[in-house]
$ cat structure_22.cif   # mmCIF, C-alpha atoms
data_start
#
loop_
_atom_site.label_atom_id
_atom_site.label_comp_id
_atom_site.auth_asym_id
_atom_site.auth_seq_id
_atom_site.Cartn_x
_atom_site.Cartn_y
_atom_site.Cartn_z
CA MET Y 1 -54.40 -10.01 18.03
CA LEU Y 2 -52.75 -13.20 19.23
CA ARG Y 3 -53.01 -14.60 15.71
CA LEU Y 4 -51.30 -11.50 14.32
CA LEU Y 5 -48.42 -11.88 16.80
CA ALA Y 6 -48.04 -15.56 15.83
CA VAL Y 7 -47.81 -14.59 12.13
CA PHE Y 8 -45.20 -11.93 12.93
CA LEU Y 9 -43.10 -14.40 14.94
CA LEU Y 10 -43.33 -16.95 12.14
CA MET Y 11 -42.23 -14.39 9.54
CA PHE Y 12 -39.33 -13.25 11.71
CA GLY Y 13 -38.29 -16.83 12.44
CA LEU Y 14 -38.23 -17.66 8.74
CA SER Y 15 -36.25 -14.56 7.82
CA VAL Y 16 -33.35 -15.19 10.31
CA PRO Y 17 -31.71 -18.04 8.32
CA ALA Y 18 -32.00 -15.96 5.15
CA LEU Y 19 -30.29 -12.99 6.83
CA ALA Y 20 -27.60 -15.25 8.25
CA GLN Y 21 -26.99 -16.76 4.82
CA GLU Y 22 -26.61 -13.31 3.32
CA ALA Y 23 -24.10 -12.30 6.01
CA THR Y 24 -21.83 -15.29 5.36
CA VAL Y 25 -22.04 -15.31 1.59
CA ASP Y 26 -18.90 -16.86 0.09
CA PRO Y 27 -17.23 -14.37 -2.27
CA ARG Y 28 -15.65 -17.26 -4.15
CA ALA Y 29 -18.81 -19.33 -4.56
CA GLU Y 30 -18.83 -18.57 -8.29
CA THR Y 31 -15.33 -19.93 -8.78
CA GLY Y 32 -15.87 -22.96 -6.58
CA GLY Y 33 -13.50 -21.63 -3.91
CA ALA Y 34 -10.69 -20.72 -6.32
CA GLN Y 35 -9.35 -17.19 -6.76
CA THR Y 36 -11.61 -14.64 -8.41
CA LEU Y 37 -11.01 -12.05 -11.10
CA ASP Y 38 -10.89 -9.46 -8.32
CA ASP Y 39 -8.06 -11.36 -6.60
CA ILE Y 40 -6.09 -11.50 -9.85
CA MET Y 41 -6.66 -7.80 -10.57
CA ARG Y 42 -5.58 -6.83 -7.06
CA ARG Y 43 -2.42 -8.94 -7.28
CA GLN Y 44 -1.54 -7.50 -10.69
CA SER Y 45 -1.88 -3.97 -9.36
CA GLN Y 46 0.42 -4.88 -6.42
CA GLN Y 47 -2.41 -4.63 -3.88
CA LYS Y 48 -2.68 -6.86 -0.87
CA VAL Y 49 -4.70 -10.05 -1.42
CA ASP Y 50 -6.08 -12.09 1.46
CA ASP Y 51 -4.77 -15.53 0.48
CA THR Y 52 -6.25 -17.41 3.43
CA PHE Y 53 -8.61 -19.30 1.09
CA ARG Y 54 -5.59 -20.81 -0.70
CA ARG Y 55 -3.19 -20.96 2.23
CA SER Y 56 -5.60 -23.08 4.28
CA GLU Y 57 -6.71 -25.31 1.38
CA THR Y 58 -4.09 -28.01 1.85
CA GLY Y 59 -6.30 -31.10 2.12
CA ASP Y 60 -7.82 -32.90 5.07
CA PRO Y 61 -6.32 -36.35 5.71
CA GLU Y 62 -8.67 -36.78 8.71
CA ALA Y 63 -11.76 -36.75 6.50
CA ALA Y 64 -10.22 -38.83 3.72
CA ALA Y 65 -11.35 -42.20 2.48
CA PRO Y 66 -8.93 -45.02 3.35
CA ILE Y 67 -6.11 -45.21 0.81
CA THR Y 68 -7.33 -48.68 -0.15
CA ALA Y 69 -10.78 -47.31 -1.09
CA PRO Y 70 -11.65 -45.97 -4.57
CA LEU Y 71 -10.41 -42.35 -4.96
CA GLY Y 72 -8.77 -42.56 -1.52
CA THR Y 73 -5.20 -43.15 -2.68
CA ARG Y 74 -4.05 -39.61 -1.95
CA GLY Y 75 -5.04 -39.78 1.69
CA GLY Y 76 -7.21 -36.68 1.59
CA GLN Y 77 -4.57 -34.50 -0.04
CA SER Y 78 -4.62 -33.94 -3.78
CA ASP Y 79 -1.56 -32.86 -5.79
CA ALA Y 80 -2.92 -29.30 -5.82
CA ASP Y 81 -3.33 -29.42 -2.02
CA LEU Y 82 0.26 -30.64 -1.65
CA TRP Y 83 1.66 -27.92 -3.92
CA ARG Y 84 -0.24 -25.26 -1.99
CA ALA Y 85 1.24 -26.61 1.26
CA LEU Y 86 4.72 -26.48 -0.28
CA ARG Y 87 4.14 -22.99 -1.62
CA TYR Y 88 3.06 -21.66 1.79
CA ASP Y 89 5.73 -23.70 3.61
CA THR Y 90 3.27 -25.68 5.71
CA ALA Y 91 3.95 -29.10 4.16
CA ASP Y 92 5.51 -31.77 6.36
CA VAL Y 93 8.74 -32.17 4.38
CA THR Y 94 11.31 -34.83 5.18
CA THR Y 95 14.71 -34.71 3.52
CA GLN Y 96 18.10 -36.35 3.68
CA ALA Y 97 19.89 -32.99 3.44
CA ARG Y 98 20.53 -31.53 6.88
CA GLY Y 99 19.97 -27.92 7.85
CA PRO Y 100 16.74 -25.98 8.38
CA ALA Y 101 16.72 -24.37 4.94
CA ALA Y 102 16.58 -27.79 3.24
CA LYS Y 103 12.95 -28.23 4.26
CA THR Y 104 11.70 -24.97 2.74
CA LEU Y 105 11.12 -25.82 -0.91
CA ILE Y 106 9.30 -22.60 -1.92
CA GLN Y 107 9.61 -19.21 -0.22
CA ASP Y 108 8.05 -16.05 -1.55
CA GLY Y 109 10.34 -13.56 0.19
CA GLY Y 110 13.03 -14.01 -2.45
CA MET Y 111 11.77 -11.90 -5.33
CA TRP Y 112 11.30 -8.58 -3.54
CA TRP Y 113 14.64 -9.10 -1.80
CA LEU Y 114 16.41 -9.76 -5.11
CA LYS Y 115 14.74 -6.76 -6.77
CA PHE Y 116 15.61 -4.49 -3.83
CA ARG Y 117 19.17 -5.83 -3.65
CA GLU Y 118 19.76 -5.31 -7.38
CA GLY Y 119 17.90 -2.02 -7.62
CA PRO Y 120 17.37 0.55 -4.85
CA LEU Y 121 20.11 -0.85 -2.60
CA LEU Y 122 22.77 -0.33 -5.28
CA THR Y 123 21.35 3.00 -6.48
CA TYR Y 124 20.94 4.59 -3.05
CA GLY Y 125 24.16 2.97 -1.77
CA ALA Y 126 26.19 4.45 -4.62
CA ALA Y 127 24.40 7.80 -4.18
CA LEU Y 128 25.18 7.83 -0.45
CA LEU Y 129 28.89 7.11 -0.88
CA GLY Y 130 29.28 9.29 -3.97
CA GLY Y 131 27.26 12.11 -2.41
CA THR Y 132 29.38 12.03 0.75
CA LEU Y 133 32.58 12.29 -1.30
CA VAL Y 134 31.15 15.21 -3.31
CA LEU Y 135 30.08 17.00 -0.11
CA LEU Y 136 33.53 16.52 1.41
CA ALA Y 137 35.16 17.85 -1.77
CA LEU Y 138 32.85 20.89 -1.69
CA PHE Y 139 33.62 21.43 1.99
CA TYR Y 140 37.34 21.31 1.22
CA LEU Y 141 36.89 23.85 -1.58
CA ILE Y 142 34.86 26.21 0.62
CA ARG Y 143 36.61 25.83 3.98
CA GLY Y 144 40.02 24.67 2.88
CA ARG Y 145 42.42 22.91 5.23
CA ILE Y 146 41.85 23.78 8.89
CA ARG Y 147 45.23 25.21 9.89
CA ILE Y 148 46.89 25.54 13.29
CA LYS Y 149 46.17 29.21 13.96
CA GLY Y 150 48.59 30.07 16.72
CA ALA Y 151 52.39 29.88 16.57
CA LYS Y 152 53.70 26.34 16.79
CA THR Y 153 55.58 25.65 20.01
CA GLY Y 154 57.79 22.84 18.79
CA ARG Y 155 56.73 20.87 21.86
CA THR Y 156 54.59 17.74 21.55
CA ILE Y 157 52.12 15.95 23.78
CA THR Y 158 51.52 12.20 23.61
CA ARG Y 159 47.92 11.80 22.47
CA PHE Y 160 47.64 8.08 21.80
CA SER Y 161 49.77 5.22 23.18
CA GLY Y 162 51.14 2.47 20.97
CA VAL Y 163 48.35 0.06 21.98
CA GLU Y 164 45.66 2.62 21.16
CA ARG Y 165 47.19 3.26 17.74
CA PHE Y 166 47.54 -0.50 17.19
CA GLY Y 167 43.81 -0.96 17.88
CA HIS Y 168 42.91 1.98 15.64
CA TRP Y 169 44.99 0.81 12.69
CA LEU Y 170 43.80 -2.79 13.03
CA LEU Y 171 40.23 -1.50 12.91
CA ALA Y 172 40.94 0.97 10.11
CA ALA Y 173 42.78 -1.48 7.86
CA SER Y 174 40.27 -4.29 8.38
CA PHE Y 175 37.36 -1.87 7.78
CA LEU Y 176 38.84 -0.61 4.52
CA ILE Y 177 39.52 -4.15 3.29
CA LEU Y 178 36.00 -5.24 4.30
CA GLY Y 179 34.55 -2.13 2.64
CA VAL Y 180 36.28 -2.74 -0.70
CA THR Y 181 35.58 -6.49 -0.76
CA GLY Y 182 32.00 -5.89 0.41
CA LEU Y 183 31.39 -3.40 -2.39
CA ILE Y 184 32.84 -5.88 -4.90
CA SER Y 185 30.34 -8.49 -3.69
CA LEU Y 186 27.46 -6.00 -3.66
CA PHE Y 187 28.10 -4.48 -7.10
CA GLY Y 188 29.54 -7.61 -8.73
CA ARG Y 189 26.58 -8.90 -10.69
CA LYS Y 190 25.22 -5.57 -11.89
CA VAL Y 191 28.45 -3.65 -12.50
CA LEU Y 192 31.57 -5.83 -12.55
CA ILE Y 193 30.28 -8.83 -14.55
CA PRO Y 194 29.02 -6.62 -17.43
CA ALA Y 195 32.38 -4.77 -17.36
CA PHE Y 196 34.87 -7.62 -16.94
CA GLY Y 197 32.96 -10.80 -17.78
CA HIS Y 198 31.98 -13.85 -15.75
CA GLU Y 199 35.38 -15.58 -15.81
CA ALA Y 200 37.33 -12.64 -14.42
CA PHE Y 201 34.67 -11.80 -11.85
CA SER Y 202 34.48 -15.41 -10.69
CA THR Y 203 38.17 -15.39 -9.70
CA LEU Y 204 37.79 -11.98 -8.07
CA ALA Y 205 34.61 -13.01 -6.22
CA ILE Y 206 36.16 -16.20 -4.81
CA GLY Y 207 39.17 -14.21 -3.57
CA THR Y 208 37.18 -11.30 -2.11
CA LYS Y 209 34.74 -13.66 -0.40
CA TRP Y 210 37.62 -15.46 1.34
CA VAL Y 211 39.22 -12.18 2.37
CA HIS Y 212 35.92 -10.62 3.51
CA ASN Y 213 34.89 -13.65 5.59
CA ASN Y 214 38.23 -14.02 7.36
CA VAL Y 215 39.32 -10.37 7.80
CA SER Y 216 36.00 -9.84 9.61
CA TRP Y 217 37.50 -11.44 12.74
CA ALA Y 218 40.30 -8.85 12.84
CA PHE Y 219 37.63 -6.12 12.64
CA MET Y 220 35.72 -7.60 15.56
CA VAL Y 221 38.88 -7.98 17.69
CA ALA Y 222 39.84 -4.36 16.96
CA LEU Y 223 36.31 -3.17 17.76
CA VAL Y 224 36.64 -4.69 21.24
CA ILE Y 225 40.12 -3.12 21.70
CA ILE Y 226 39.04 0.42 20.87
CA PHE Y 227 35.87 0.06 22.96
CA VAL Y 228 37.86 -1.00 26.02
CA PHE Y 229 40.48 1.76 25.64
CA TRP Y 230 38.25 4.66 24.66
CA VAL Y 231 34.77 4.16 26.12
CA ILE Y 232 35.65 6.07 29.29
CA HIS Y 233 36.70 9.11 27.23
CA ASN Y 234 33.58 8.98 25.07
CA LEU Y 235 30.86 9.23 27.69
CA PRO Y 236 28.79 12.32 26.93
CA ASP Y 237 29.13 15.33 29.25
CA ARG Y 238 28.24 19.03 29.43
CA THR Y 239 31.19 20.19 27.31
CA ASP Y 240 29.68 18.31 24.36
CA LEU Y 241 26.58 20.51 24.36
CA HIS Y 242 28.72 23.64 24.20
CA TRP Y 243 30.89 22.10 21.49
CA LEU Y 244 27.84 21.14 19.42
CA ALA Y 245 26.19 24.54 19.95
CA LYS Y 246 29.27 26.16 18.43
CA GLY Y 247 29.28 23.62 15.57
CA GLY Y 248 32.71 22.41 16.71
CA GLY Y 249 34.17 25.73 15.56
CA ILE Y 250 34.35 24.30 12.07
CA PHE Y 251 33.43 27.69 10.61
CA GLY Y 252 34.89 30.89 12.02
CA ASN Y 253 37.85 31.28 14.32
CA SER Y 254 36.54 30.09 17.66
CA HIS Y 255 37.54 26.71 19.08
CA PRO Y 256 35.11 25.39 21.71
CA PRO Y 257 36.90 23.67 24.60
CA ALA Y 258 37.01 19.88 24.50
CA LYS Y 259 38.43 17.01 26.51
CA LYS Y 260 40.38 14.11 24.94
CA PHE Y 261 37.54 13.57 22.46
CA ASN Y 262 35.21 16.33 21.31
CA ALA Y 263 31.50 15.75 20.64
CA GLY Y 264 32.14 15.11 16.94
CA GLN Y 265 34.69 12.43 17.75
CA LYS Y 266 32.32 10.93 20.31
CA LEU Y 267 29.65 10.68 17.61
CA ILE Y 268 32.15 8.89 15.36
CA PHE Y 269 33.15 6.58 18.22
CA TRP Y 270 29.58 5.57 19.07
CA SER Y 271 28.70 5.21 15.38
CA VAL Y 272 31.62 2.81 14.98
CA ILE Y 273 30.71 0.85 18.12
CA VAL Y 274 26.95 0.63 17.51
CA LEU Y 275 26.93 0.30 13.72
CA GLY Y 276 30.14 -1.77 13.68
CA GLY Y 277 28.66 -4.03 16.37
CA SER Y 278 25.46 -4.43 14.37
CA ILE Y 279 27.43 -5.17 11.21
CA SER Y 280 29.44 -7.78 13.15
CA VAL Y 281 26.33 -9.51 14.49
CA SER Y 282 24.59 -9.62 11.10
CA GLY Y 283 27.92 -10.69 9.56
CA ILE Y 284 28.23 -13.63 11.96
CA SER Y 285 24.66 -14.58 11.05
CA LEU Y 286 25.74 -14.63 7.38
CA LEU Y 287 29.01 -16.44 8.11
CA PHE Y 288 27.14 -19.33 9.76
CA PRO Y 289 23.99 -19.54 7.59
CA PHE Y 290 20.73 -20.41 9.36
CA GLU Y 291 22.46 -20.82 12.75
CA PHE Y 292 21.61 -17.40 14.21
CA ASN Y 293 18.14 -16.29 13.16
CA MET Y 294 17.52 -12.88 14.68
CA PHE Y 295 15.07 -11.07 12.45
CA GLY Y 296 11.99 -13.25 12.98
CA ALA Y 297 12.31 -12.97 16.77
CA THR Y 298 12.93 -9.20 16.52
CA PHE Y 299 9.95 -8.69 14.20
CA ALA Y 300 7.71 -10.70 16.57
CA LYS Y 301 8.81 -8.52 19.50
CA LEU Y 302 8.27 -5.30 17.53
CA ASN Y 303 4.83 -6.54 16.45
CA ASP Y 304 3.95 -7.24 20.10
CA TRP Y 305 4.80 -3.64 20.92
CA GLY Y 306 2.77 -2.48 17.90
CA VAL Y 307 5.72 -0.57 16.45
CA ALA Y 308 4.55 -0.93 12.83
CA GLY Y 309 1.21 0.64 13.80
CA TRP Y 310 2.99 3.78 15.08
CA VAL Y 311 3.95 4.61 11.51
CA GLY Y 312 0.68 3.31 10.08
CA SER Y 313 2.09 0.24 8.35
CA ASP Y 314 1.17 -3.44 8.49
CA PRO Y 315 2.79 -5.71 11.09
CA LEU Y 316 6.25 -6.96 10.17
CA PRO Y 317 6.35 -10.42 8.55
CA TYR Y 318 6.44 -13.32 10.99
CA PRO Y 319 7.32 -16.17 11.03
CA LEU Y 320 10.19 -15.98 8.54
CA SER Y 321 11.56 -18.88 6.54
CA PRO Y 322 15.29 -19.61 7.09
CA GLN Y 323 16.04 -18.09 3.67
CA GLU Y 324 14.17 -14.90 4.55
CA GLU Y 325 16.24 -14.62 7.74
CA MET Y 326 19.38 -14.64 5.59
CA GLN Y 327 17.90 -12.14 3.13
CA TYR Y 328 17.11 -9.67 5.92
CA ALA Y 329 20.56 -10.23 7.43
CA GLN Y 330 22.16 -9.47 4.05
CA LEU Y 331 20.14 -6.26 3.58
CA TRP Y 332 20.80 -5.07 7.13
CA HIS Y 333 24.52 -5.90 6.83
CA ALA Y 334 24.80 -3.98 3.55
CA ILE Y 335 22.71 -0.93 4.54
CA VAL Y 336 24.38 -0.40 7.93
CA SER Y 337 27.81 -0.92 6.32
CA LEU Y 338 27.08 1.70 3.66
CA VAL Y 339 25.99 4.21 6.33
CA LEU Y 340 29.09 3.55 8.43
CA THR Y 341 31.31 3.84 5.35
CA ALA Y 342 29.87 7.30 4.61
CA ILE Y 343 30.58 8.35 8.21
CA ILE Y 344 34.12 6.96 8.00
CA PHE Y 345 34.74 8.93 4.78
CA ALA Y 346 34.19 12.10 6.82
CA HIS Y 347 36.44 10.76 9.60
CA ILE Y 348 39.26 9.95 7.17
CA TYR Y 349 38.92 13.39 5.58
CA ILE Y 350 39.17 15.35 8.83
CA GLY Y 351 41.97 13.12 10.12
CA SER Y 352 44.12 13.60 7.02
CA ILE Y 353 43.86 16.41 4.47
CA GLY Y 354 41.05 18.24 6.28
CA MET Y 355 43.02 19.37 9.33
CA GLU Y 356 46.65 20.28 9.83
CA GLY Y 357 48.27 18.35 12.65
CA ALA Y 358 45.45 15.84 13.12
CA PHE Y 359 47.18 12.87 11.48
CA ASP Y 360 50.10 13.00 13.93
CA ALA Y 361 47.77 11.77 16.67
CA MET Y 362 47.53 8.40 14.92
CA GLY Y 363 50.83 8.65 13.00
CA SER Y 364 53.49 9.13 15.66
CA GLY Y 365 51.07 9.41 18.57
CA ASP Y 366 52.51 12.82 19.54
CA VAL Y 367 50.74 16.06 18.59
CA GLU Y 368 51.92 19.69 18.44
CA GLU Y 369 51.02 21.39 21.73
CA GLN Y 370 49.43 24.36 19.95
CA TRP Y 371 47.19 22.02 17.92
CA ALA Y 372 46.16 20.28 21.13
CA ARG Y 373 45.42 23.64 22.83
CA GLU Y 374 43.23 24.74 19.93
CA HIS Y 375 41.22 21.54 19.57
CA HIS Y 376 41.35 19.81 22.97
CA SER Y 377 42.12 22.57 25.49
CA LEU Y 378 40.57 20.81 28.51
CA TRP Y 379 42.51 17.64 27.73
CA VAL Y 380 45.81 19.58 27.55
CA ASP Y 381 45.06 21.08 30.98
CA GLU Y 382 44.33 17.60 32.35
CA VAL Y 383 47.58 16.18 30.92
CA GLN Y 384 49.70 19.06 32.21
CA GLU Y 385 48.11 18.91 35.66
CA ALA Y 386 48.81 15.18 35.78
CA GLU Y 387 52.42 15.82 34.76
CA LEU Y 388 52.75 18.45 37.51
CA ARG Y 389 51.39 16.03 40.10
CA GLN Y 390 53.83 13.37 38.89
CA GLY Y 391 56.68 15.88 39.17
CA ARG Y 392 55.72 16.84 42.72
CA LYS Y 393 55.57 13.18 43.77
CA ALA Y 394 58.99 12.54 42.26
CA MET V 395 54.59 3.68 12.30
CA LYS V 396 55.56 0.71 14.48
CA ALA V 397 51.99 0.42 15.80
CA PHE V 398 50.66 0.52 12.22
CA LEU V 399 53.04 -2.21 11.02
CA ILE V 400 52.29 -4.44 14.02
CA ALA V 401 48.56 -3.94 13.32
CA MET V 402 49.08 -5.07 9.72
CA VAL V 403 50.93 -8.20 10.88
CA ALA V 404 48.16 -8.87 13.43
CA LEU V 405 45.56 -8.48 10.70
CA VAL V 406 47.22 -11.13 8.55
CA VAL V 407 47.75 -13.47 11.52
CA ILE V 408 44.11 -13.14 12.72
CA THR V 409 42.77 -13.57 9.17
CA VAL V 410 44.77 -16.71 8.39
CA GLY V 411 44.37 -18.03 11.93
CA ALA V 412 40.58 -17.62 11.89
CA ASN V 413 40.39 -19.43 8.58
CA GLN V 414 42.52 -22.29 9.88
CA VAL V 415 40.49 -22.64 13.08
CA LEU V 416 37.16 -22.64 11.22
CA THR V 417 38.39 -25.04 8.54
CA LEU V 418 39.94 -27.49 11.00
CA GLY V 419 36.92 -27.18 13.30
CA ASN V 420 34.59 -28.38 10.51
CA PHE V 421 32.63 -25.13 10.43
CA SER V 422 32.45 -24.95 6.62
CA SER V 423 29.00 -24.86 4.99
CA GLU V 424 29.79 -28.19 3.38
CA ALA V 425 30.59 -29.81 6.71
CA VAL V 426 27.48 -28.35 8.34
CA SER V 427 24.86 -29.00 5.66
CA ALA V 428 26.01 -31.82 3.38
CA SER V 429 24.98 -35.36 4.17
CA THR V 430 27.39 -37.60 2.32
CA GLY V 431 26.87 -40.54 4.70
CA ASN V 432 23.30 -41.12 3.53
CA VAL V 433 23.77 -40.61 -0.19
CA ARG V 434 24.31 -43.78 -2.21
CA ILE V 435 26.01 -42.43 -5.30
CA ASP V 436 27.28 -45.85 -6.48
CA ASP V 437 23.86 -47.57 -6.63
#

$ encode --input "structure_22.cif" --output "structure tokens"
Amino acid sequence: MLRLLAVFLLMFGLSVPALAQEATVDPRAETGGAQTLDDIMRRQSQQKVDDTFRRSETGDPEAAAPITAPLGTRGGQSDADLWRALRYDTADVTTQARGPAAKTLIQDGGMWWLKFREGPLLTYGAALLGGTLVLLALFYLIRGRIRIKGAKTGRTITRFSGVERFGHWLLAASFLILGVTGLISLFGRKVLIPAFGHEAFSTLAIGTKWVHNNVSWAFMVALVIIFVFWVIHNLPDRTDLHWLAKGGGIFGNSHPPAKKFNAGQKLIFWSVIVLGGSISVSGISLLFPFEFNMFGATFAKLNDWGVAGWVGSDPLPYPLSPQEEMQYAQLWHAIVSLVLTAIIFAHIYIGSIGMEGAFDAMGSGDVEEQWAREHHSLWVDEVQEAELRQGRKA
Amino acid sequence: MKAFLIAMVALVVITVGANQVLTLGNFSSEAVSASTGNVRIDD
């Protein structure tokens, strides 16, 4: 019995190394550690490939023969090892050129960015702006101009002071200039160069780049002005819920009561502040390349919170090379700008041809009292009460 | 109309002013990233 147990223990003891060997079998043993046919097939079909076996294969100077010894001249790092380190941006690069981007000789975030920038970004961007214009045209055809329904009084109420209108027009003009010059930069290579040629576009691009970069400061100044003057009037309150429930009275004859700004205007205001602020921050990042890297830090934070997992996707890329930071900043800047432009199209429509009497608010600053009663009844009451109080004091 | 015109003047002043400040303050990409002092072109 004891002999039988000894045989069993011996058999078990001999089988453990064999099992262990099977568990750690190297899938790339056949190729000597290089990539396999499976890796190539996966990459060609755009599937994810675990590239750790290449990424980490960058030589081992610690285990190298002295450089004076035969075959030791490379210091433990072959040319292939060095190129792999450059390709995965782990090489210790020294350069005379200053700036963080100078040390990244190969970065693989460029191709998908370029393809996205030249493909879907342009297609969906044009569709968004074009679609918004078509929808507004359809709305105009169906609804027509929103008229002042009651009899005009001939009296006016001051809606916006000179400083408020100054801030608005500074923001509006700078936004339109930035929008046009931004679109020229975005659509230049794919649309304008084929249409007008390289020479003509070169002159245009140099000019629009100068204008876009420098007008941006006027936009940021104006953004601060309108925030300071209007934030108090744009805090959400209970009247907004009623206004939204009635759809702003855009169809039908009812006009839900509103204060100085109705819920629709508040949505425009906060869109301009939040999206305009985001465009400004990403724009500053692009104006001073590689100085303000925000995306890597943001992605790391989002990964810590597991945000990508909530939607079932892989963690966001981190760390990012300096060039990738700029690529993300460019995409963010363009996408958020396109969204804000679509919103502003609707704002321009309703403030001009879409509604009778609306333009006066930003034109002369004084609006017809009947218009004010129909669209901002609570604000008219506030203004008239304040005037009464002033009168009593006097 | 006056507010609009003043805004247009301010836009031009801020645009040109910002460019002047950034140019004179050596904030151009060339000033930030080029390293002319260490390049020996004549050798």

$ residues_around --input "structure_22.cif" --residues "Y:Leu121" --least-positions-apart "6" --cutoff "10 Å" --atoms "only C-alpha atoms" --output "JSON, numbers by chain"
{"Y": [113, 114, 115, 127, 186, 187, 331, 334, 335, 338]}

$ resolve_selection --input "structure_22.cif" --expression "the PyMOL selection byres ((chain Y) within 8 of (chain V))" --output "VMD selection string"
chain Y and resid 96 to 99 162 to 163 165 to 167 169 to 170 173 to 174 211 214 to 218 288 to 289 363 to 364

$ atom_distance --input "structure_22.cif" --atom1 "atom CA of Y:His168" --atom2 "atom CA of Y:Ile226"
6.7 Å

$ residues_near_point --input "structure_22.cif" --point "(17.8, -22.8, 11.3)" --cutoff "9 Å" --atoms "only C-alpha atoms" --output "PyMOL selection string"
chain Y and resi 99-101+289-293+321-322

$ residues_around --input "structure_22.cif" --residues "stretch 179-185 of chain Y" --least-positions-apart "3" --cutoff "7 Å" --atoms "only C-alpha atoms" --output "number ranges by chain"
Y: 175-176, 188, 205, 208, 212

$ decode --input "structure_22.cif" --residues "stretch 204-248 of chain Y" --atoms "C-alpha atoms" --output "PDB file, in the first residue's frame"
ATOM      1  CA  LEU Y 204      -6.662  82.426 -48.423  1.00  0.00           C
ATOM      2  CA  ALA Y 205      -5.456  79.982 -45.753  1.00  0.00           C
ATOM      3  CA  ILE Y 206      -2.671  82.279 -44.532  1.00  0.00           C
ATOM      4  CA  GLY Y 207      -5.150  85.168 -44.258  1.00  0.00           C
ATOM      5  CA  THR Y 208      -7.929  83.177 -42.579  1.00  0.00           C
ATOM      6  CA  LYS Y 209      -5.496  81.604 -40.120  1.00  0.00           C
ATOM      7  CA  TRP Y 210      -4.276  85.053 -39.039  1.00  0.00           C
ATOM      8  CA  VAL Y 211      -7.830  86.341 -38.706  1.00  0.00           C
ATOM      9  CA  HIS Y 212      -9.082  83.215 -36.890  1.00  0.00           C
ATOM     10  CA  ASN Y 213      -6.203  83.181 -34.383  1.00  0.00           C
ATOM     11  CA  ASN Y 214      -6.456  86.865 -33.502  1.00  0.00           C
ATOM     12  CA  VAL Y 215     -10.237  87.474 -33.637  1.00  0.00           C
ATOM     13  CA  SER Y 216     -10.549  84.648 -31.091  1.00  0.00           C
ATOM     14  CA  TRP Y 217      -9.514  87.080 -28.329  1.00  0.00           C
ATOM     15  CA  ALA Y 218     -12.428  89.401 -29.147  1.00  0.00           C
ATOM     16  CA  PHE Y 219     -14.762  86.386 -28.878  1.00  0.00           C
ATOM     17  CA  MET Y 220     -13.390  85.471 -25.460  1.00  0.00           C
ATOM     18  CA  VAL Y 221     -13.657  89.070 -24.184  1.00  0.00           C
ATOM     19  CA  ALA Y 222     -17.265  89.275 -25.416  1.00  0.00           C
ATOM     20  CA  LEU Y 223     -18.088  85.911 -23.836  1.00  0.00           C
ATOM     21  CA  VAL Y 224     -17.025  87.293 -20.447  1.00  0.00           C
ATOM     22  CA  ILE Y 225     -19.060  90.499 -21.010  1.00  0.00           C
ATOM     23  CA  ILE Y 226     -22.318  88.733 -21.816  1.00  0.00           C
ATOM     24  CA  PHE Y 227     -21.802  86.249 -18.970  1.00  0.00           C
ATOM     25  CA  VAL Y 228     -21.354  89.059 -16.442  1.00  0.00           C
ATOM     26  CA  PHE Y 229     -24.359  91.063 -17.685  1.00  0.00           C
ATOM     27  CA  TRP Y 230     -26.832  88.253 -18.289  1.00  0.00           C
ATOM     28  CA  VAL Y 231     -26.068  85.346 -15.969  1.00  0.00           C
ATOM     29  CA  ILE Y 232     -28.417  86.664 -13.278  1.00  0.00           C
ATOM     30  CA  HIS Y 233     -31.310  86.725 -15.767  1.00  0.00           C
ATOM     31  CA  ASN Y 234     -30.552  83.234 -17.049  1.00  0.00           C
ATOM     32  CA  LEU Y 235     -30.746  81.216 -13.858  1.00  0.00           C
ATOM     33  CA  PRO Y 236     -33.453  78.584 -14.302  1.00  0.00           C
ATOM     34  CA  ASP Y 237     -36.722  79.021 -12.388  1.00  0.00           C
ATOM     35  CA  ARG Y 238     -40.273  77.655 -12.284  1.00  0.00           C
ATOM     36  CA  THR Y 239     -41.546  79.801 -15.164  1.00  0.00           C
ATOM     37  CA  ASP Y 240     -39.172  77.921 -17.480  1.00  0.00           C
ATOM     38  CA  LEU Y 241     -40.956  74.616 -16.858  1.00  0.00           C
ATOM     39  CA  HIS Y 242     -44.289  76.167 -17.804  1.00  0.00           C
ATOM     40  CA  TRP Y 243     -42.740  77.824 -20.849  1.00  0.00           C
ATOM     41  CA  LEU Y 244     -41.167  74.544 -21.991  1.00  0.00           C
ATOM     42  CA  ALA Y 245     -44.380  72.583 -21.330  1.00  0.00           C
ATOM     43  CA  LYS Y 246     -46.183  74.933 -23.705  1.00  0.00           C
ATOM     44  CA  GLY Y 247     -43.362  74.634 -26.266  1.00  0.00           C
ATOM     45  CA  GLY Y 248     -42.728  78.370 -25.946  1.00  0.00           C
TER      46      GLY Y 248
END
